[in-house]
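These notes are about the structure you will find just below.
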Amino acid sequence: MERIPSLVSLVSLIIIFASVVDQTRAGICNDSLGLCDGCDQRCKAKHGPSCESKCDGPVGMLMCTCSYECPPKLCNGGLGNCGESCNEQCCDRKCALKYNGGHGYCNTLDDFSLCLCKYPC
């Protein structure tokens, strides 16, 4: 007997594929670097060896575009007060536990100190 995949299985595969494709697209940034003279060298100097450069536009006005992997966006959060009960290491540990990839630091203004976190969005 021949097995036919269920509609639910097919839809699930399509959703997974679409989300992977979307994640790939979301990670590419473009930077316009002006006219094309020395495009590849300028692109690599600014964004590193893994970037890609291309020149396009009307003849005589070719423009350099550099494509590179976007840096992760960082979000901010807070986890209460810093002080005697929670120092820099404590704050960093609390942020790492609460936010995946998070790092914490104590931000002090006058006599008031808060545990602040930065983490990938």
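Residue numbers start at 1 in each chain; chains themselves are named A, B, ... in the order of the structure tokens; ligands are numbered from 1 in the order shown.
Residues in contact range of range 54-63 of chain A, defined as at most 9 Å between only C-alpha atoms, with sequence neighbours fewer than 5 positions away removed, read Ser32, Leu33, Gly34, Leu35, Cys36, Asp37, Cys39 and Asp40 of chain A.
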| query | Hey, what's within 12 Å of Gln89 in chain A if we count only C-alpha atoms and toss same-chain stuff fewer than 6 positions away? As a list of chain:residue names, please? | reply | A:Cys82, A:Gly83, A:Cys95, A:Ala96, A:His103, A:Gly104, A:Tyr105, A:Cys106, A:Cys115
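The nearest approach to Glu88 in chain A among the residues A:Leu114, A:Cys121, A:Glu69, A:Leu109, with only C-alpha atoms taken into account, belongs to A:Leu114.
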| query | CA of Pro71 in chain A and CA of Cys91 in chain A, how far apart in Å? | reply |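 Computing it gives 24.5 Å between the two atoms.
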| request: One decimal, Å: what's the distance from CA of Lys73 in chain A over to CA of Lys98 in chain A, could you say? | output: 17.4 Å
| Which of these residues is nearest to Asp92 in chain A, using only C-alpha atoms: A:Cys117, A:Cys64, A:Cys51, A:Cys43? |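 The answer is A:Cys117, which sits nearest to Asp92 in chain A.
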